[in-house]
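*Asks:* As input, take data06.txt (compact mmCIF, C-alpha atoms):
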```
# COMPACT_ATOMS: atom_id res chain seq x y z
CA MET A 17 -127.10 -54.97 0.68
CA ALA A 18 -127.88 -51.25 0.89
CA THR A 19 -131.62 -52.01 0.91
CA MET A 20 -131.15 -54.50 3.75
CA ALA A 21 -129.12 -51.98 5.79
CA LEU A 22 -131.74 -49.31 5.23
CA SER A 23 -134.55 -51.61 6.27
CA ALA A 24 -132.58 -52.52 9.41
CA GLN A 25 -132.42 -48.82 10.28
CA ASN A 26 -136.13 -48.47 9.66
CA ARG A 27 -136.75 -51.34 12.09
CA GLY A 28 -134.73 -49.53 14.72
CA GLY A 29 -131.53 -51.50 14.24
CA PRO A 30 -128.11 -49.86 14.43
CA PRO A 31 -126.88 -48.04 11.32
CA PRO A 32 -124.25 -49.92 9.32
CA ALA A 33 -120.64 -49.29 10.32
CA PRO A 34 -118.52 -47.18 7.98
CA GLN A 35 -116.42 -49.06 5.43
CA PRO A 36 -113.18 -48.16 3.62
CA ASN A 37 -113.74 -46.57 0.22
CA PRO A 38 -111.34 -47.88 -2.45
CA ASN A 39 -112.13 -44.81 -4.56
CA ALA A 40 -111.15 -42.32 -1.84
CA PRO A 41 -108.14 -40.11 -2.68
CA LEU A 42 -106.02 -41.42 0.22
CA TYR A 43 -107.00 -45.07 0.01
CA HIS A 44 -103.92 -47.18 0.84
CA ALA A 45 -101.81 -44.03 1.19
CA LYS A 46 -98.70 -44.07 3.37
CA GLY A 47 -97.23 -41.49 5.72
CA GLU A 48 -98.95 -38.95 7.95
CA GLN A 49 -102.56 -38.28 6.94
CA TYR A 50 -105.61 -36.33 8.02
CA ARG A 51 -108.73 -38.42 7.38
CA ILE A 52 -112.48 -38.10 7.84
CA TYR A 53 -115.43 -40.48 7.77
CA ASN A 54 -119.19 -40.04 8.07
CA PHE A 55 -120.54 -40.97 11.48
CA PRO A 56 -123.28 -43.62 11.08
CA GLY A 57 -126.75 -42.37 11.80
CA THR A 58 -125.82 -38.68 11.72
CA GLY A 59 -123.72 -38.26 8.58
CA GLU A 60 -121.34 -35.91 10.42
CA SER A 61 -117.79 -35.71 9.12
CA ILE A 62 -115.52 -36.95 11.93
CA PRO A 63 -111.74 -36.47 11.62
CA TYR A 64 -108.98 -38.83 12.61
CA ARG A 65 -105.22 -38.72 12.20
CA LEU A 66 -103.44 -41.68 10.62
CA PHE A 67 -99.83 -42.66 10.08
CA VAL A 68 -98.84 -45.57 7.83
CA PRO A 69 -95.16 -46.63 7.75
CA SER A 70 -93.30 -46.72 4.45
CA ARG A 71 -92.75 -50.50 4.67
CA TRP A 72 -96.51 -51.20 4.45
CA THR A 73 -97.84 -53.14 1.47
CA PRO A 74 -101.31 -54.61 0.91
CA GLU A 75 -99.84 -58.04 1.70
CA THR A 76 -98.28 -57.10 5.05
CA LYS A 77 -99.99 -57.46 8.42
CA LEU A 78 -98.59 -54.72 10.63
CA PRO A 79 -99.57 -53.78 14.20
CA LEU A 80 -101.68 -50.73 15.07
CA LEU A 81 -101.18 -48.27 17.93
CA VAL A 82 -104.28 -46.26 18.84
CA THR A 83 -103.14 -43.10 20.63
CA LEU A 84 -106.09 -41.15 21.99
CA ARG A 85 -105.96 -37.41 21.46
CA ALA A 86 -104.38 -34.93 23.86
CA GLY A 87 -105.96 -31.51 23.59
CA ASN A 88 -109.00 -30.49 21.57
CA THR A 89 -107.98 -31.75 18.13
CA VAL A 90 -106.36 -34.67 16.30
CA ASP A 91 -104.41 -32.16 14.23
CA GLY A 92 -102.72 -30.12 16.95
CA PRO A 93 -99.07 -29.09 17.17
CA TYR A 94 -98.28 -32.00 19.52
CA ARG A 95 -98.56 -34.24 16.45
CA ALA A 96 -95.83 -32.39 14.51
CA GLY A 97 -92.47 -34.09 15.00
CA ASN A 98 -94.16 -36.66 17.23
CA ASP A 99 -91.55 -39.18 18.38
CA LEU A 100 -94.28 -41.80 18.73
CA VAL A 101 -94.79 -41.51 14.97
CA LYS A 102 -91.07 -41.33 14.18
CA VAL A 103 -90.41 -44.55 16.05
CA ALA A 104 -93.50 -46.16 14.52
CA GLU A 105 -91.89 -45.64 11.10
CA GLN A 106 -88.76 -47.41 12.31
CA ARG A 107 -90.66 -50.24 14.01
CA GLY A 108 -93.34 -50.80 11.37
CA TYR A 109 -96.47 -49.70 13.25
CA LEU A 110 -99.54 -47.87 12.02
CA VAL A 111 -100.62 -45.11 14.41
CA VAL A 112 -104.13 -43.65 14.55
CA THR A 113 -105.69 -40.93 16.69
CA PRO A 114 -109.50 -40.91 16.84
CA MET A 115 -111.21 -37.65 17.75
CA GLY A 116 -113.62 -39.22 20.21
CA TYR A 117 -116.57 -37.78 18.29
CA ARG A 118 -116.38 -34.18 19.55
CA GLY A 119 -113.35 -31.93 19.90
CA LEU A 120 -114.38 -30.95 23.40
CA SER A 121 -111.94 -30.65 26.28
CA GLN A 122 -111.44 -33.44 28.81
CA PRO A 123 -111.32 -36.29 26.26
CA TYR A 124 -112.26 -39.21 28.49
CA TYR A 125 -113.75 -41.33 25.66
CA GLY A 126 -116.65 -42.42 27.84
CA SER A 127 -114.58 -43.08 30.98
CA ARG A 128 -115.84 -42.12 34.42
CA TYR A 129 -112.52 -42.76 36.18
CA GLN A 130 -111.28 -39.44 37.52
CA ILE A 131 -107.65 -38.39 37.25
CA ALA A 132 -106.09 -38.72 40.71
CA ARG A 133 -104.96 -35.22 41.52
CA PRO A 134 -106.34 -32.60 43.90
CA GLY A 135 -108.94 -30.42 42.20
CA ALA A 136 -109.21 -32.54 39.03
CA ALA A 137 -112.33 -31.81 37.01
CA ALA A 138 -115.09 -34.39 36.88
CA PRO A 139 -114.58 -36.84 34.01
CA ALA A 140 -115.93 -35.57 30.69
CA ALA A 141 -117.27 -32.36 32.24
CA GLY A 142 -119.57 -30.71 29.69
CA TRP A 143 -120.17 -33.89 27.68
CA THR A 144 -123.70 -35.23 27.23
CA PRO A 145 -124.41 -38.97 27.70
CA GLN A 146 -124.97 -39.25 23.95
CA GLU A 147 -121.62 -37.59 23.20
CA ASP A 148 -119.93 -39.97 25.63
CA GLU A 149 -121.49 -42.98 23.90
CA ARG A 150 -120.52 -41.70 20.46
CA ALA A 151 -116.97 -40.94 21.62
CA GLU A 152 -116.60 -44.60 22.46
CA GLN A 153 -118.22 -45.69 19.18
CA ASP A 154 -115.90 -43.38 17.24
CA VAL A 155 -112.81 -45.15 18.56
CA PHE A 156 -113.99 -48.51 17.26
CA TYR A 157 -115.33 -47.17 13.97
CA VAL A 158 -111.86 -45.72 13.31
CA ILE A 159 -110.01 -48.86 14.45
CA ASP A 160 -112.14 -51.04 12.20
CA LEU A 161 -111.81 -48.68 9.22
CA VAL A 162 -108.03 -48.69 9.49
CA ALA A 163 -107.84 -52.43 10.21
CA LYS A 164 -109.85 -53.27 7.09
CA GLU A 165 -108.14 -50.81 4.75
CA TYR A 166 -104.62 -51.71 5.85
CA ASN A 167 -104.95 -55.42 6.67
CA VAL A 168 -103.88 -54.79 10.28
CA ASP A 169 -102.72 -57.66 12.47
CA ILE A 170 -105.69 -57.70 14.85
CA SER A 171 -103.71 -59.71 17.41
CA ARG A 172 -101.48 -56.63 17.78
CA ILE A 173 -103.77 -53.66 18.37
CA TYR A 174 -102.57 -51.44 21.21
CA LEU A 175 -103.96 -48.44 23.07
CA HIS A 176 -102.30 -45.34 24.52
CA GLY A 177 -103.63 -42.32 26.38
CA GLN A 178 -102.24 -39.28 28.16
CA ASN A 179 -103.85 -37.54 31.16
CA PRO A 180 -107.69 -37.74 30.72
CA SER A 181 -107.35 -39.74 27.53
CA GLY A 182 -105.25 -42.17 29.60
CA SER A 183 -108.31 -42.65 31.78
CA GLY A 184 -110.19 -43.26 28.52
CA ALA A 185 -107.63 -45.85 27.46
CA LEU A 186 -107.92 -47.71 30.77
CA TYR A 187 -111.71 -47.63 30.52
CA LEU A 188 -111.80 -48.96 26.95
CA ALA A 189 -109.23 -51.65 27.74
CA SER A 190 -111.29 -52.95 30.67
CA LYS A 191 -114.59 -52.82 28.76
CA TYR A 192 -113.20 -54.43 25.59
CA PRO A 193 -110.18 -56.50 26.70
CA GLU A 194 -110.56 -58.76 23.67
CA ARG A 195 -109.76 -55.83 21.36
CA PHE A 196 -106.36 -54.80 22.75
CA ALA A 197 -103.16 -56.73 23.45
CA ALA A 198 -101.70 -53.99 25.67
CA VAL A 199 -102.43 -50.50 26.96
CA ALA A 200 -99.90 -47.78 27.79
CA VAL A 201 -100.84 -44.73 29.83
CA SER A 202 -98.75 -41.64 30.52
CA SER A 203 -99.36 -39.13 33.31
CA ALA A 204 -102.74 -40.78 33.78
CA PRO A 205 -103.16 -41.94 37.36
CA ILE A 206 -106.83 -42.59 38.02
CA VAL A 207 -108.89 -42.98 41.16
CA PHE A 208 -108.84 -46.77 40.87
CA ASN A 209 -110.85 -48.00 43.86
CA SER A 210 -113.66 -49.12 41.52
CA TYR A 211 -111.52 -49.98 38.49
CA PRO A 212 -111.88 -53.65 37.37
CA PHE A 213 -108.21 -54.60 37.02
CA ASP A 214 -109.31 -58.25 36.95
CA ARG A 215 -110.72 -57.70 33.46
CA LEU A 216 -107.20 -57.00 32.19
CA LYS A 217 -105.64 -60.02 33.90
CA GLY A 218 -104.38 -62.54 31.37
CA LYS A 219 -105.66 -60.46 28.47
CA VAL A 220 -104.28 -56.93 28.35
CA ALA A 221 -100.77 -55.97 29.48
CA LEU A 222 -100.35 -52.57 31.15
CA LEU A 223 -97.53 -50.04 30.91
CA VAL A 224 -97.69 -47.03 33.25
CA ILE A 225 -95.20 -44.21 32.72
CA HIS A 226 -94.77 -40.86 34.45
CA GLY A 227 -92.17 -38.13 34.01
CA ASP A 228 -90.22 -37.08 37.09
CA GLN A 229 -90.63 -33.43 36.03
CA ASP A 230 -94.44 -33.66 35.75
CA THR A 231 -95.88 -30.78 37.77
CA VAL A 232 -99.52 -31.49 36.85
CA ASN A 233 -100.32 -35.02 38.00
CA PRO A 234 -98.67 -36.70 41.01
CA ILE A 235 -96.14 -39.38 40.12
CA GLU A 236 -96.92 -41.26 43.33
CA ALA A 237 -100.49 -41.83 42.12
CA SER A 238 -99.23 -43.51 38.95
CA GLN A 239 -96.89 -45.70 41.01
CA LYS A 240 -99.74 -46.75 43.32
CA MET A 241 -101.99 -47.53 40.35
CA ALA A 242 -99.34 -49.72 38.72
CA ALA A 243 -98.75 -51.52 42.01
CA ALA A 244 -102.48 -52.16 42.44
CA ALA A 245 -102.70 -53.64 38.93
CA LYS A 246 -99.69 -55.88 39.53
CA ALA A 247 -101.08 -57.00 42.89
CA VAL A 248 -104.14 -58.56 41.23
CA GLY A 249 -102.08 -60.31 38.57
CA VAL A 250 -102.17 -57.89 35.64
CA ASP A 251 -99.01 -58.09 33.50
CA THR A 252 -97.79 -54.61 34.50
CA GLU A 253 -94.68 -52.52 33.98
CA TYR A 254 -94.05 -49.12 35.54
CA ALA A 255 -91.39 -46.61 34.46
CA THR A 256 -90.38 -43.19 35.69
CA VAL A 257 -89.14 -41.11 32.74
CA PRO A 258 -86.06 -39.08 33.80
CA GLY A 259 -86.53 -35.44 32.84
CA GLY A 260 -90.00 -36.21 31.52
CA THR A 261 -92.53 -33.39 31.72
CA HIS A 262 -96.30 -33.74 31.82
CA LEU A 263 -96.72 -33.44 28.04
CA GLU A 264 -93.39 -34.77 26.77
CA ALA A 265 -92.60 -37.85 28.88
CA TYR A 266 -94.32 -40.35 26.58
CA LEU A 267 -92.66 -38.82 23.52
CA THR A 268 -89.16 -39.06 24.97
CA TYR A 269 -89.97 -42.62 26.08
CA ALA A 270 -91.35 -43.67 22.67
CA SER A 271 -88.75 -46.36 21.90
CA GLN A 272 -89.36 -48.08 25.22
CA ILE A 273 -93.13 -47.94 24.69
CA PHE A 274 -92.69 -49.86 21.44
CA ASP A 275 -90.30 -52.29 23.17
CA PHE A 276 -93.16 -53.03 25.59
CA LEU A 277 -95.79 -53.36 22.86
CA ASP A 278 -93.58 -55.69 20.83
CA LYS A 279 -93.69 -58.22 23.66
CA HIS A 280 -97.47 -58.59 23.66
CA ARG A 281 -100.11 -59.96 21.31
CA HIS A 282 -103.45 -61.71 21.67
```
Go ahead and render the structure in this file as structure tokens.

*Replies:*
Amino acid sequence: MATMALSAQNRGGPPPAPQPNPNAPLYHAKGEQYRIYNFPGTGESIPYRLFVPSRWTPETKLPLLVTLRAGNTVDGPYRAGNDLVKVAEQRGYLVVTPMGYRGLSQPYYGSRYQIARPGAAAPAAGWTPQEDERAEQDVFYVIDLVAKEYNVDISRIYLHGQNPSGSGALYLASKYPERFAAVAVSSAPIVFNSYPFDRLKGKVALLVIHGDQDTVNPIEASQKMAAAAKAVGVDTEYATVPGGTHLEAYLTYASQIFDFLDKHRH
């Protein structure tokens, strides 16, 4: 098998995808974890953050929430005491945060849909095309690693993003609608005139939330985006989070996010 993979690389084929290692120290571990894997073709160590609920066993098939990073790291302080993770323990969800290959700012995960606010930076400013492509690959390498190691219910894989990573979540959901049952975005209104909402229709449900105390991105832009999605037939819900700030709204709304996810599967 290794010889065949190597010869495929020599012929110019893609490198083999990473696989779970049963001999790794954290294999089948539960709780909050900091993981790494080697990026195919480069051998770089790429981090990701993983949470596995205490109810998990090798025989269970639990859902997976992929929450794209906010900030420059998967290990930042926003993760400590994260209500998304606390509720995931109660509801029986795995939660994973892929880096998106590089810990650069503006984590758009390959998206070119700009955040809809005056003066917003260009999507993925400072990223090279190769980094953009690898950011996208990283998400799916991590999803597949976790799905294989933890016997994830692949009909219940969900995606979440905040601010620019919300743009990334919308992009990935439209490009790979067969991979996600629903997508939730928080404070992530995009310039949607070229966004293919029709690719979500009948496949990926959409939850748009925005805090009423968000002073960074305009709440009206999120409301217009949700209305545009609903108008073309996407299964869409919109919620204003009372007292929700730019960074905290999705955390205070965590229980309702899981209520939404629970209703959807492929």

*Asks:* When you draw a straight line from atom CA of A:Ile273 to atom CA of A:Asp169, how long is it in Å?

*Replies:* 18.3 Å

*Asks:* Would you mind reading off the distance between atom CA of A:Ile235 and atom CA of A:Tyr129, one decimal, in Å?

*Replies:*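 These atoms are spaced 17.2 Å apart.
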
*Asks:* Enumerate, as a PDB file with C-alpha atoms, in the frame of the given file, the protein, DNA and RNA residues whose atoms approach (-115.8, -38.5, 20.1) to within 9 Å, taking into account only C-alpha atoms and the coordinate frame of the file.

*Replies:*
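Contents of selection07.pdb, as written:
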```
ATOM      1  CA  ILE A  62    -115.520 -36.950  11.930  1.00  0.00           C
ATOM      2  CA  PRO A 114    -109.500 -40.910  16.840  1.00  0.00           C
ATOM      3  CA  MET A 115    -111.210 -37.650  17.750  1.00  0.00           C
ATOM      4  CA  GLY A 116    -113.620 -39.220  20.210  1.00  0.00           C
ATOM      5  CA  TYR A 117    -116.570 -37.780  18.290  1.00  0.00           C
ATOM      6  CA  ARG A 118    -116.380 -34.180  19.550  1.00  0.00           C
ATOM      7  CA  GLY A 119    -113.350 -31.930  19.900  1.00  0.00           C
ATOM      8  CA  LEU A 120    -114.380 -30.950  23.400  1.00  0.00           C
ATOM      9  CA  PRO A 123    -111.320 -36.290  26.260  1.00  0.00           C
ATOM     10  CA  TYR A 125    -113.750 -41.330  25.660  1.00  0.00           C
ATOM     11  CA  GLY A 126    -116.650 -42.420  27.840  1.00  0.00           C
ATOM     12  CA  GLU A 147    -121.620 -37.590  23.200  1.00  0.00           C
ATOM     13  CA  ASP A 148    -119.930 -39.970  25.630  1.00  0.00           C
ATOM     14  CA  GLU A 149    -121.490 -42.980  23.900  1.00  0.00           C
ATOM     15  CA  ARG A 150    -120.520 -41.700  20.460  1.00  0.00           C
ATOM     16  CA  ALA A 151    -116.970 -40.940  21.620  1.00  0.00           C
ATOM     17  CA  GLU A 152    -116.600 -44.600  22.460  1.00  0.00           C
ATOM     18  CA  GLN A 153    -118.220 -45.690  19.180  1.00  0.00           C
ATOM     19  CA  ASP A 154    -115.900 -43.380  17.240  1.00  0.00           C
ATOM     20  CA  VAL A 155    -112.810 -45.150  18.560  1.00  0.00           C
TER      21      VAL A 155
END
```

*Asks:* Report, in Å with one decimal, the straight-line distance from atom CA of A:Val232 to atom CA of A:Glu264.

*Replies:*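 Computing it gives 12.2 Å between the two atoms.
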
*Asks:* Measuring atom to atom with all atoms listed in the file, identify which of A:Lys279, A:Lys164, A:His176, A:Arg133 is nearest to A:His44.

*Replies:* A:Lys164

*Asks:* Write out as a list in words each polymer residue whose atoms come within 7 Å of stretch 191-197 of chain A, counting only C-alpha atoms; drop sequence neighbours fewer than 3 positions from it.

*Replies:* Ser171, Arg172, Ile173, Tyr174, Leu175, Tyr187, Leu188, Arg215, Leu216, Lys219, Val220, Ala221, His280, Arg281 and His282 of chain A

*Asks:* So that I can see what lies close to A:Leu78, please list as a PyMOL selection string the residues with an atom at most 8 Å from it, counting only C-alpha atoms and leaving out residues fewer than 4 positions away in the same chain.

*Replies:* chain A and resi 72+108-110+167-169+172

*Asks:* Name the residues in contact with A:Thr268 at a cut-off of 10 Å, using all atoms listed in the file, excluding same-chain residues fewer than 4 positions from it; report them as a list in words.

*Replies:*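 These residues fall inside the cut-off: Asn98, Asp99, Leu100, Gly227, Val257, Pro258, Gly259, Gly260, Thr261, Leu263, Glu264, Gln272 and Ile273 of chain A.
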
*Asks:* For a quick check of understanding, using only C-alpha atoms, which of A:Gly59, A:Pro180, A:Gly29, A:Gly142 has the smallest distance to A:Leu84?

*Replies:*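 With only C-alpha atoms as the atom set, the closest residue is A:Pro180.
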
*Asks:* Ranking A:Pro145, A:Pro79, A:Gly218, A:Pro63 by minimum distance to A:Val248 and counting all atoms listed in the file, which one comes first?

*Replies:* A:Gly218

*Asks:* Determine, counting only C-alpha atoms, which protein, DNA and RNA residues have an atom within 8 Å of an atom of A:Thr252; residues of the same chain fewer than 3 positions away are not included. Present the result as a PyMOL selection string.

*Replies:* chain A and resi 221-224+242+245-246

*Asks:* Choose the residue, out of A:Asp160, A:Asp278, A:Glu48, A:Asp251, that has the smallest atom-to-atom separation from A:Gly97; count all atoms listed in the file.

*Replies:* A:Glu48

*Asks:* Kindly indicate which residue among A:Ala270, A:Val201, A:Ala33, A:Ala136 lies nearest to A:Asn233, using all atoms listed in the file for the distances.

*Replies:*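 Of all the options, A:Ala136 lies closest to A:Asn233.
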
*Asks:* Given the choices A:Val68, A:Glu165, A:Ser271, A:Ser190, which gets closest to A:Asn37 if the distance is worked out from all atoms listed in the file?

*Replies:* A:Glu165
